[in-house]
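Novice: The structure file upload11.pdb (PDB, C-alpha atoms) is provided below.
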```pdb
ATOM      1  CA  MET A   6     -62.783  -8.799  30.875
ATOM      2  CA  PRO A   7     -62.620  -7.654  34.515
ATOM      3  CA  GLU A   8     -63.911 -10.009  37.144
ATOM      4  CA  ARG A   9     -67.371  -9.342  38.492
ATOM      5  CA  ILE A  10     -67.671  -8.016  41.993
ATOM      6  CA  VAL A  11     -69.118 -10.582  44.357
ATOM      7  CA  PRO A  12     -70.810 -10.005  47.703
ATOM      8  CA  GLY A  13     -68.322  -9.471  50.501
ATOM      9  CA  PRO A  14     -65.747  -6.953  51.709
ATOM     10  CA  VAL A  15     -64.610  -4.356  49.173
ATOM     11  CA  SER A  16     -60.854  -3.827  49.264
ATOM     12  CA  GLY A  17     -59.272  -0.432  48.800
ATOM     13  CA  VAL A  18     -62.242   1.635  50.036
ATOM     14  CA  LYS A  19     -62.898   1.336  53.749
ATOM     15  CA  ASP A  20     -62.605  -1.398  56.275
ATOM     16  CA  ASN A  21     -66.352  -1.421  56.949
ATOM     17  CA  CYS A  22     -67.411  -1.281  53.274
ATOM     18  CA  GLU A  23     -68.814  -4.412  51.666
ATOM     19  CA  ALA A  24     -70.855  -5.334  48.587
ATOM     20  CA  VAL A  25     -74.266  -6.799  49.373
ATOM     21  CA  CYS A  26     -77.002  -8.169  47.138
ATOM     22  CA  ILE A  27     -80.381  -6.427  47.565
ATOM     23  CA  HIS A  28     -83.805  -6.980  46.001
ATOM     24  CA  THR A  29     -85.394  -3.799  44.709
ATOM     25  CA  LYS A  30     -87.239  -2.169  41.819
ATOM     26  CA  LYS A  31     -85.006  -1.301  38.863
ATOM     27  CA  ILE A  32     -86.153   1.403  36.432
ATOM     28  CA  PHE A  33     -85.642   0.177  32.859
ATOM     29  CA  ASP A  34     -87.106   3.163  31.025
ATOM     30  CA  SER A  35     -88.850   6.420  31.863
ATOM     31  CA  CYS A  36     -90.076   9.597  30.230
ATOM     32  CA  ARG A  37     -91.480  12.952  31.226
ATOM     33  CA  ASP A  38     -94.182  14.916  29.464
ATOM     34  CA  LYS A  39     -95.857  18.307  29.500
ATOM     35  CA  ASP A  40     -99.346  17.917  28.017
ATOM     36  CA  CYS A  41    -101.543  20.831  26.976
ATOM     37  CA  ILE A  42    -104.961  19.152  26.882
ATOM     38  CA  GLU A  43    -107.272  21.328  24.798
ATOM     39  CA  ASP A  44    -111.088  21.282  24.856
ATOM     40  CA  LEU A  45    -111.452  18.554  27.448
ATOM     41  CA  ARG A  46    -115.094  17.613  28.096
ATOM     42  CA  PHE A  47    -116.408  18.826  31.469
ATOM     43  CA  TYR A  48    -119.022  16.624  33.175
ATOM     44  CA  PRO A  49    -120.725  18.766  35.846
ATOM     45  CA  THR A  50    -122.830  17.687  38.770
ATOM     46  CA  VAL A  51    -126.614  17.882  38.452
ATOM     47  CA  ALA A  52    -126.688  21.174  40.363
ATOM     48  CA  GLY A  53    -123.761  22.472  38.349
ATOM     49  CA  GLN A  54    -125.481  21.742  35.015
ATOM     50  CA  ASP A  55    -128.399  23.970  36.023
ATOM     51  CA  ILE A  56    -125.933  26.796  36.691
ATOM     52  CA  LEU A  57    -124.197  26.282  33.334
ATOM     53  CA  ASN A  58    -127.537  26.503  31.512
ATOM     54  CA  ARG A  59    -128.062  29.986  32.992
ATOM     55  CA  ALA A  60    -124.454  31.147  32.806
ATOM     56  CA  GLN A  61    -123.240  33.744  30.318
ATOM     57  CA  SER A  62    -119.612  32.666  30.492
ATOM     58  CA  VAL A  63    -117.199  30.500  32.483
ATOM     59  CA  LYS A  64    -113.600  30.995  33.513
ATOM     60  CA  GLY A  65    -110.947  28.607  34.703
ATOM     61  CA  GLY A  66    -110.724  27.770  38.386
ATOM     62  CA  GLN A  67    -108.692  24.885  39.780
ATOM     63  CA  ALA A  68    -108.222  21.185  39.083
ATOM     64  CA  GLU A  69    -107.286  18.189  41.215
ATOM     65  CA  LEU A  70    -106.007  14.824  39.987
ATOM     66  CA  LEU A  71    -108.162  12.191  41.703
ATOM     67  CA  TYR A  72    -107.098   8.877  40.198
ATOM     68  CA  THR A  73    -105.069   7.376  37.338
ATOM     69  CA  TYR A  74    -105.935   4.028  35.755
ATOM     70  CA  ILE A  75    -102.856   2.315  34.251
ATOM     71  CA  ASN A  76    -102.658  -0.659  31.894
ATOM     72  CA  VAL A  77     -99.483  -2.273  30.478
ATOM     73  CA  GLU A  78     -99.448  -4.413  27.323
ATOM     74  CA  PRO A  79     -96.478  -5.783  25.315
ATOM     75  CA  VAL A  80     -95.771  -4.402  21.855
ATOM     76  CA  VAL A  81     -96.242  -7.351  19.474
ATOM     77  CA  PHE A  82     -93.632  -6.483  16.857
ATOM     78  CA  ASN A  83     -91.025  -4.970  19.151
ATOM     79  CA  ARG A  84     -89.789  -7.307  21.872
ATOM     80  CA  GLY A  85     -89.060  -5.747  25.234
ATOM     81  CA  PHE A  86     -91.257  -2.688  24.620
ATOM     82  CA  TYR A  87     -94.634  -2.070  26.219
ATOM     83  CA  THR A  88     -97.506   0.335  25.777
ATOM     84  CA  VAL A  89     -98.619   2.152  28.921
ATOM     85  CA  ASP A  90    -102.225   3.329  28.660
ATOM     86  CA  MET A  91    -103.322   5.841  31.256
ATOM     87  CA  ARG A  92    -106.664   7.474  32.058
ATOM     88  CA  PHE A  93    -106.523  10.526  34.311
ATOM     89  CA  PHE A  94    -109.612  11.535  36.310
ATOM     90  CA  TYR A  95    -109.770  15.184  37.391
ATOM     91  CA  ARG A  96    -112.076  17.106  39.695
ATOM     92  CA  VAL A  97    -112.356  20.556  38.088
ATOM     93  CA  THR A  98    -113.970  23.629  39.629
ATOM     94  CA  LEU A  99    -115.026  26.373  37.199
ATOM     95  CA  ASN A 100    -116.261  29.897  37.871
ATOM     96  CA  ALA A 101    -119.611  30.501  36.148
ATOM     97  CA  TYR A 102    -120.851  34.053  35.621
ATOM     98  CA  CYS A 103    -124.629  34.482  35.565
ATOM     99  CA  SER A 104    -126.563  37.739  36.027
ATOM    100  CA  CYS A 105    -124.618  38.868  39.112
ATOM    101  CA  PRO A 106    -120.962  39.914  38.826
ATOM    102  CA  ARG A 107    -119.885  37.442  41.501
ATOM    103  CA  PRO A 108    -119.051  34.014  39.999
ATOM    104  CA  VAL A 109    -120.623  30.748  41.112
ATOM    105  CA  GLU A 110    -118.403  27.690  41.495
ATOM    106  CA  VAL A 111    -119.360  24.664  39.392
ATOM    107  CA  GLU A 112    -117.760  21.300  40.150
ATOM    108  CA  GLY A 113    -117.386  18.491  37.662
ATOM    109  CA  LEU A 114    -115.278  15.687  36.207
ATOM    110  CA  CYS A 115    -112.772  15.687  33.340
ATOM    111  CA  VAL A 116    -111.114  12.597  31.849
ATOM    112  CA  PHE A 117    -107.884  12.454  29.833
ATOM    113  CA  ASP A 118    -106.429   9.416  28.027
ATOM    114  CA  LYS A 119    -102.716   9.096  27.314
ATOM    115  CA  ARG A 120    -100.459   6.404  25.843
ATOM    116  CA  VAL A 121     -96.665   6.024  25.820
ATOM    117  CA  ILE A 122     -94.298   3.244  24.681
ATOM    118  CA  LEU A 123     -91.360   2.375  26.944
ATOM    119  CA  PHE A 124     -88.725  -0.330  27.162
ATOM    120  CA  GLY A 125     -89.354  -2.798  29.978
ATOM    121  CA  SER A 126     -87.079  -5.708  29.015
ATOM    122  CA  GLU A 127     -88.247  -9.318  29.122
ATOM    123  CA  GLY A 128     -88.741 -11.789  31.903
ATOM    124  CA  ASN A 129     -89.801 -15.400  31.415
ATOM    125  CA  ALA A 130     -89.358 -16.689  34.964
ATOM    126  CA  LYS A 131     -92.465 -17.572  36.942
ATOM    127  CA  ILE A 132     -92.444 -15.798  40.284
ATOM    128  CA  PHE A 133     -93.663 -17.527  43.438
ATOM    129  CA  SER A 134     -93.750 -15.983  46.906
ATOM    130  CA  SER A 135     -95.237 -16.836  50.284
ATOM    131  CA  GLN A 136     -97.273 -14.278  52.172
ATOM    132  CA  MET A 137     -98.042 -14.576  55.850
ATOM    133  CA  ARG A 138    -101.653 -14.122  56.946
ATOM    134  CA  ILE A 139    -102.326 -13.705  60.643
ATOM    135  CA  ASP A 140    -104.580 -16.452  62.081
ATOM    136  CA  ALA A 141    -104.626 -18.223  58.736
ATOM    137  CA  LEU A 142    -102.535 -20.592  56.680
ATOM    138  CA  ASP A 143     -99.660 -19.149  54.653
ATOM    139  CA  ARG A 144    -100.503 -19.124  50.980
ATOM    140  CA  GLN A 145     -98.406 -19.305  47.843
ATOM    141  CA  MET A 146     -98.822 -16.415  45.443
ATOM    142  CA  LEU A 147     -98.166 -16.899  41.714
ATOM    143  CA  GLU A 148     -97.683 -13.899  39.476
ATOM    144  CA  GLN A 149     -99.484 -14.915  36.304
ATOM    145  CA  SER A 150     -97.363 -12.831  33.926
ATOM    146  CA  ASN A 151     -93.875 -11.509  34.458
ATOM    147  CA  MET A 152     -94.695  -8.009  33.247
ATOM    148  CA  PRO A 153     -92.978  -4.751  34.210
ATOM    149  CA  VAL A 154     -94.800  -2.436  36.572
ATOM    150  CA  ALA A 155     -95.759   1.014  35.318
ATOM    151  CA  VAL A 156     -95.539   3.923  37.749
ATOM    152  CA  VAL A 157     -97.052   7.327  36.965
ATOM    153  CA  GLU A 158     -96.100  10.459  38.888
ATOM    154  CA  ALA A 159     -98.200  13.548  38.204
ATOM    155  CA  VAL A 160     -99.050  16.839  39.841
ATOM    156  CA  ASP A 161    -102.402  18.590  39.884
ATOM    157  CA  PRO A 162    -102.966  20.213  36.477
ATOM    158  CA  ILE A 163    -103.336  23.908  35.732
ATOM    159  CA  VAL A 164    -106.634  25.174  34.317
ATOM    160  CA  LEU A 165    -105.561  27.192  31.273
ATOM    161  CA  ASP A 166    -108.939  27.957  29.677
ATOM    162  CA  ALA A 167    -112.671  27.218  29.883
ATOM    163  CA  LYS A 168    -115.576  27.829  27.504
ATOM    164  CA  LEU A 169    -119.311  27.207  27.068
ATOM    165  CA  VAL A 170    -120.634  25.490  23.910
ATOM    166  CA  GLU A 171    -124.200  24.935  22.762
ATOM    167  CA  CYS A 172    -125.118  21.250  22.640
ATOM    168  CA  CYS A 173    -126.245  21.542  19.022
ATOM    169  CA  GLU A 174    -122.688  22.248  17.889
ATOM    170  CA  ASN A 175    -120.869  19.159  16.666
ATOM    171  CA  ARG A 176    -117.382  18.665  18.038
ATOM    172  CA  CYS A 177    -114.865  15.937  17.275
ATOM    173  CA  CYS A 178    -114.060  13.433  20.037
ATOM    174  CA  ASP A 179    -117.087  14.652  21.960
ATOM    175  CA  CYS A 180    -118.417  11.380  23.339
ATOM    176  CA  ASP A 181    -119.688  10.306  26.725
ATOM    177  CA  ILE A 182    -117.517   8.225  29.022
ATOM    178  CA  CYS A 183    -118.809   4.703  29.558
ATOM    179  CA  GLU A 184    -117.640   3.916  33.077
ATOM    180  CA  ILE A 185    -116.469   5.968  36.040
ATOM    181  CA  PRO A 186    -114.772   4.193  38.986
ATOM    182  CA  SER A 187    -116.807   4.275  42.177
ATOM    183  CA  CYS A 188    -113.915   5.825  44.093
ATOM    184  CA  VAL A 189    -114.019   8.781  41.684
ATOM    185  CA  CYS A 190    -117.805   9.201  41.940
ATOM    186  CA  GLN A 191    -117.571   9.321  45.724
ATOM    187  CA  CYS A 192    -115.365  12.418  45.489
ATOM    188  CA  PHE A 193    -118.316  14.503  44.308
ATOM    189  CA  GLY A 194    -121.173  15.696  46.468
ATOM    190  CA  CYS A 195    -123.935  14.612  44.081
ATOM    191  CA  GLU A 196    -124.498  12.681  40.875
ATOM    192  CA  LEU A 197    -122.647  13.639  37.710
ATOM    193  CA  THR A 198    -124.475  14.446  34.499
ATOM    194  CA  MET A 199    -123.459  14.157  30.853
ATOM    195  CA  GLY A 200    -124.389  17.812  30.304
ATOM    196  CA  ASP A 201    -126.807  17.286  27.406
ATOM    197  CA  ASP A 202    -129.509  19.601  28.720
ATOM    198  CA  TYR A 203    -128.598  22.897  27.076
ATOM    199  CA  ARG A 204    -124.914  23.720  27.269
ATOM    200  CA  ARG A 205    -121.622  21.939  27.623
ATOM    201  CA  ALA A 206    -118.390  23.201  29.092
ATOM    202  CA  PHE A 207    -114.889  22.466  27.815
ATOM    203  CA  VAL A 208    -111.638  23.153  29.617
ATOM    204  CA  THR A 209    -107.958  23.233  28.690
ATOM    205  CA  LEU A 210    -105.560  21.724  31.227
ATOM    206  CA  GLY A 211    -101.791  21.746  31.561
ATOM    207  CA  GLN A 212    -100.468  18.442  32.940
ATOM    208  CA  PHE A 213     -96.928  17.505  34.027
ATOM    209  CA  SER A 214     -96.196  13.793  34.390
ATOM    210  CA  ILE A 215     -93.397  11.232  34.680
ATOM    211  CA  ILE A 216     -93.936   7.613  33.580
ATOM    212  CA  ARG A 217     -91.540   4.737  34.199
ATOM    213  CA  LEU A 218     -91.364   0.949  33.879
ATOM    214  CA  GLU A 219     -89.909  -1.067  36.753
ATOM    215  CA  ARG A 220     -88.988  -4.688  37.407
ATOM    216  CA  ASP A 221     -87.941  -6.610  40.484
ATOM    217  CA  SER A 222     -84.169  -7.048  40.306
ATOM    218  CA  GLN A 223     -81.268  -8.224  42.435
ATOM    219  CA  LEU A 224     -78.591  -5.544  42.489
ATOM    220  CA  LEU A 225     -75.141  -5.513  44.028
ATOM    221  CA  MET A 226     -74.704  -2.362  46.099
ATOM    222  CA  PRO A 227     -71.865  -1.013  48.255
ATOM    223  CA  VAL A 228     -72.749  -0.766  51.943
ATOM    224  CA  PHE A 229     -70.585   1.153  54.407
ATOM    225  CA  ASP A 230     -72.313   0.303  57.666
ATOM    226  CA  TYR A 231     -75.651  -0.208  59.369
ATOM    227  CA  CYS A 232     -77.778   2.904  59.674
ATOM    228  CA  MET A 233     -78.198   3.572  63.377
ATOM    229  CA  PRO A 234     -80.538   6.443  64.386
ATOM    230  CA  ASP A 235     -78.777   9.070  66.481
ATOM    231  CA  LYS A 236     -81.876  11.007  67.589
ATOM    232  CA  ASP A 237     -83.316  10.399  71.043
ATOM    233  CA  CYS A 238     -86.962   9.301  70.943
ATOM    234  CA  SER A 239     -87.762  10.831  74.333
ATOM    235  CA  CYS A 240     -88.321  14.297  72.806
ATOM    236  CA  ALA A 241     -88.804  13.421  69.164
ATOM    237  CA  GLY A 242     -91.820  14.819  67.353
ATOM    238  CA  GLY A 243     -92.675  17.504  69.913
ATOM    239  CA  CYS A 244     -91.755  19.368  73.068
ATOM    240  CA  CYS A 245     -90.714  17.642  76.226
ATOM    241  CA  ALA A 246     -93.032  18.168  79.131
ATOM    242  CA  ASN A 247     -90.324  19.610  81.403
ATOM    243  CA  GLU A 248     -88.813  22.070  78.880
ATOM    244  CA  ASP A 249     -89.308  25.799  79.220
ATOM    245  CA  PRO A 250     -91.636  27.040  76.414
ATOM    246  CA  CYS A 251     -89.926  30.449  76.372
ATOM    247  CA  GLU A 252     -86.579  28.771  75.834
ATOM    248  CA  LEU A 253     -88.007  26.807  72.922
ATOM    249  CA  PHE A 254     -89.413  30.022  71.476
ATOM    250  CA  GLN A 255     -85.997  31.675  71.624
ATOM    251  CA  ASN A 256     -84.594  28.907  69.407
ATOM    252  CA  ILE A 257     -87.059  29.685  66.617
ATOM    253  CA  SER A 258     -85.612  31.845  63.837
ATOM    254  CA  PHE A 259     -87.190  35.231  63.260
ATOM    255  CA  PRO A 260     -89.565  35.018  60.212
ATOM    256  CA  VAL A 261     -88.037  37.801  58.167
ATOM    257  CA  GLU A 262     -89.898  36.800  54.992
ATOM    258  CA  GLU A 263     -93.254  37.325  56.735
ATOM    259  CA  PHE A 264     -92.514  41.018  57.280
ATOM    260  CA  PHE A 265     -90.597  41.937  54.133
ATOM    261  CA  PRO A 266     -91.943  40.706  50.761
ATOM    262  CA  PRO A 267     -89.196  39.426  48.441
ATOM    263  CA  ASN A 268     -87.931  41.609  45.594
ATOM    264  CA  SER A 269     -87.851  38.612  43.259
ATOM    265  CA  LEU A 270     -88.728  34.933  43.281
ATOM    266  CA  ASN A 271     -85.093  33.938  43.823
ATOM    267  CA  SER A 272     -84.589  36.238  46.782
ATOM    268  CA  CYS A 273     -86.994  34.288  48.941
ATOM    269  CA  CYS A 274     -84.612  31.344  49.006
ATOM    270  CA  ASP A 275     -82.047  32.825  51.367
ATOM    271  CA  TYR A 276     -82.579  34.915  54.494
ATOM    272  CA  GLU A 277     -79.711  35.436  56.886
ATOM    273  CA  GLY A 278     -77.877  32.446  55.506
ATOM    274  CA  THR A 279     -80.762  30.008  56.025
ATOM    275  CA  LYS A 280     -82.742  28.222  53.400
ATOM    276  CA  HIS A 281     -86.533  28.561  53.297
ATOM    277  CA  HIS A 282     -88.812  26.473  51.094
ATOM    278  CA  CYS A 283     -91.027  28.753  49.010
ATOM    279  CA  GLY A 284     -91.568  26.890  45.818
ATOM    280  CA  CYS A 285     -88.480  28.285  44.089
ATOM    281  CA  CYS A 286     -85.835  26.264  45.932
ATOM    282  CA  HIS A 287     -85.103  22.586  45.670
TER     283      HIS A 287
END
```
Written as structure tokens, how would this file's structure read?
Specialist:
Amino acid sequence: MPERIVPGPVSGVKDNCEAVCIHTKKIFDSCRDKDCIEDLRFYPTVAGQDILNRAQSVKGGQAELLYTYINVEPVVFNRGFYTVDMRFFYRVTLNAYCSCPRPVEVEGLCVFDKRVILFGSEGNAKIFSSQMRIDALDRQMLEQSNMPVAVVEAVDPIVLDAKLVECCENRCCDCDICEIPSCVCQCFGCELTMGDDYRRAFVTLGQFSIIRLERDSQLLMPVFDYCMPDKDCSCAGGCCANEDPCELFQNISFPVEEFFPPNSLNSCCDYEGTKHHCGCCH
């Protein structure tokens, strides 16, 4: 069995390369998902419910992910695995069509629940740490349970469909939400309603997400040297006061893409040998 690398100089690489021990978050397991959430209940504002009652139809608008509640629990019969329960809160804007051909925007809330099972390993050590508080005594912090930390990365969903349904129609999984976080309620201009007056709206969202489980770990990493900034702070972040503005303007590349629309999505990535971010390049 080869000997383990220990902190210190690494031979055979470079003179200034050494192995150092760092404390960081290690990802033990992760997954990605593409959810098509059909017939998601739409909770409009009070003013929006009045518009839905008079609307003839609704069409999809846009959606914004406001907040995600995350809870991690161990799987009883499978050691090292954990369930990650998530609740996504969305602010959805629909286009309601009444008597006039011009649509009226209706804002409301949608909630989506999701669960995944990931491997997070086990940790039995009790973790203590001191945290400095200015003008106060330093306190000891005890982490009650050595659980992995779940991290959820998600983008704003795509509104795929929207429909109006009479309240008398029975639908499965059509129940009211019990509690809405105050931070979510503050994102709306007025009070939300359960939409039981006359009509209810349902939307279909497309959601991309990445979920991972992390733990604090000590890792041995190769280090080549200290990272020393080479940019001068005197002119960083803006123009210097004594520089000629016309000279600065001459250094700006000509915006070719603003004058000539691209022939395809891929062609917008390269103009005169320079890369431009347009959503198709990474």
Novice: Tell me, in Å to one decimal, how far CA of Pro186 in chain A is from CA of Arg92 in chain A.
Specialist: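 These two atoms are separated by 11.2 Å.
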Novice: I'd like the neighbourhood of Ile75 in chain A as a list in words, where a residue qualifies if any of its atoms comes within 10 Å (using only C-alpha atoms), though same-chain residues fewer than 4 positions away should be ignored.
Specialist: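 Once the nearby chain positions are removed, what remains is Val89, Asp90, Met91, Arg92, Phe93, Lys119, Arg120, Val154, Ala155, Val156 and Val157 of chain A.
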Novice: Which is closest to Gln191 in chain A among A:Ile215, A:Cys251, A:Cys41, A:Leu71, if we use all atoms listed in the file?
Specialist: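 Using all atoms listed in the file, Gln191 in chain A sits closest to A:Leu71.
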Novice: So for range 69-84 of chain A, what box centre and size do we get, axis-aligned, 4 Å extra on each of the six sides, every listed atom, Å to one decimal, as AutoDock Vina command-line options?
Specialist:
```
--center_x -99.0 --center_y 5.4 --center_z 29.3 --size_x 26.4 --size_y 33.5 --size_z 32.8
```
Novice: Please expand the PyMOL selection byres ((chain A and resi 32) around 8) into the concrete residues it hits in this file, giving the result as a compact mmCIF listing (two decimals) with C-alpha atoms, keeping the file's coordinate frame.
Specialist:
```txt
# COMPACT_ATOMS: atom_id res chain seq x y z
CA LYS A 30 -87.24 -2.17 41.82
CA LYS A 31 -85.01 -1.30 38.86
CA PHE A 33 -85.64 0.18 32.86
CA ASP A 34 -87.11 3.16 31.02
CA SER A 35 -88.85 6.42 31.86
CA ARG A 217 -91.54 4.74 34.20
CA LEU A 218 -91.36 0.95 33.88
CA GLU A 219 -89.91 -1.07 36.75
CA ARG A 220 -88.99 -4.69 37.41
```
Novice: Give me, please, the distance in Å between CA of Leu224 in chain A and CA of Tyr87 in chain A, quoted to one decimal.
Specialist: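 Answer for the CA of Leu224 in chain A to CA of Tyr87 in chain A separation: 23.1 Å.
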Novice: Using only C-alpha atoms, pick whichever of A:Val170, A:Cys232, A:Cys22, A:Ile163 has the shortest atom-to-atom distance to Arg204 in chain A.
Specialist: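 Of A:Val170, A:Cys232, A:Cys22, A:Ile163, the one nearest Arg204 in chain A, counting only C-alpha atoms, is A:Val170.
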Novice: How many Å separate CA of Asp235 in chain A from CA of His28 in chain A?
Specialist: 26.5 Å
Novice: With distances taken over only C-alpha atoms, which of A:Asn256, A:Thr98, A:Asn151, A:Ser126 is nearest to Ala68 in chain A?
Specialist: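 Of A:Asn256, A:Thr98, A:Asn151, A:Ser126, the one nearest Ala68 in chain A is A:Thr98, counting only C-alpha atoms.
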Novice: Quick one: residues within 7 Å of Thr29 in chain A, all atoms listed in the file counted, chain neighbours fewer than 5 positions away excluded, as a list in words?
Specialist: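 Once the adjacent positions are removed, what remains is Asp221, Ser222 and Gln223 of chain A.
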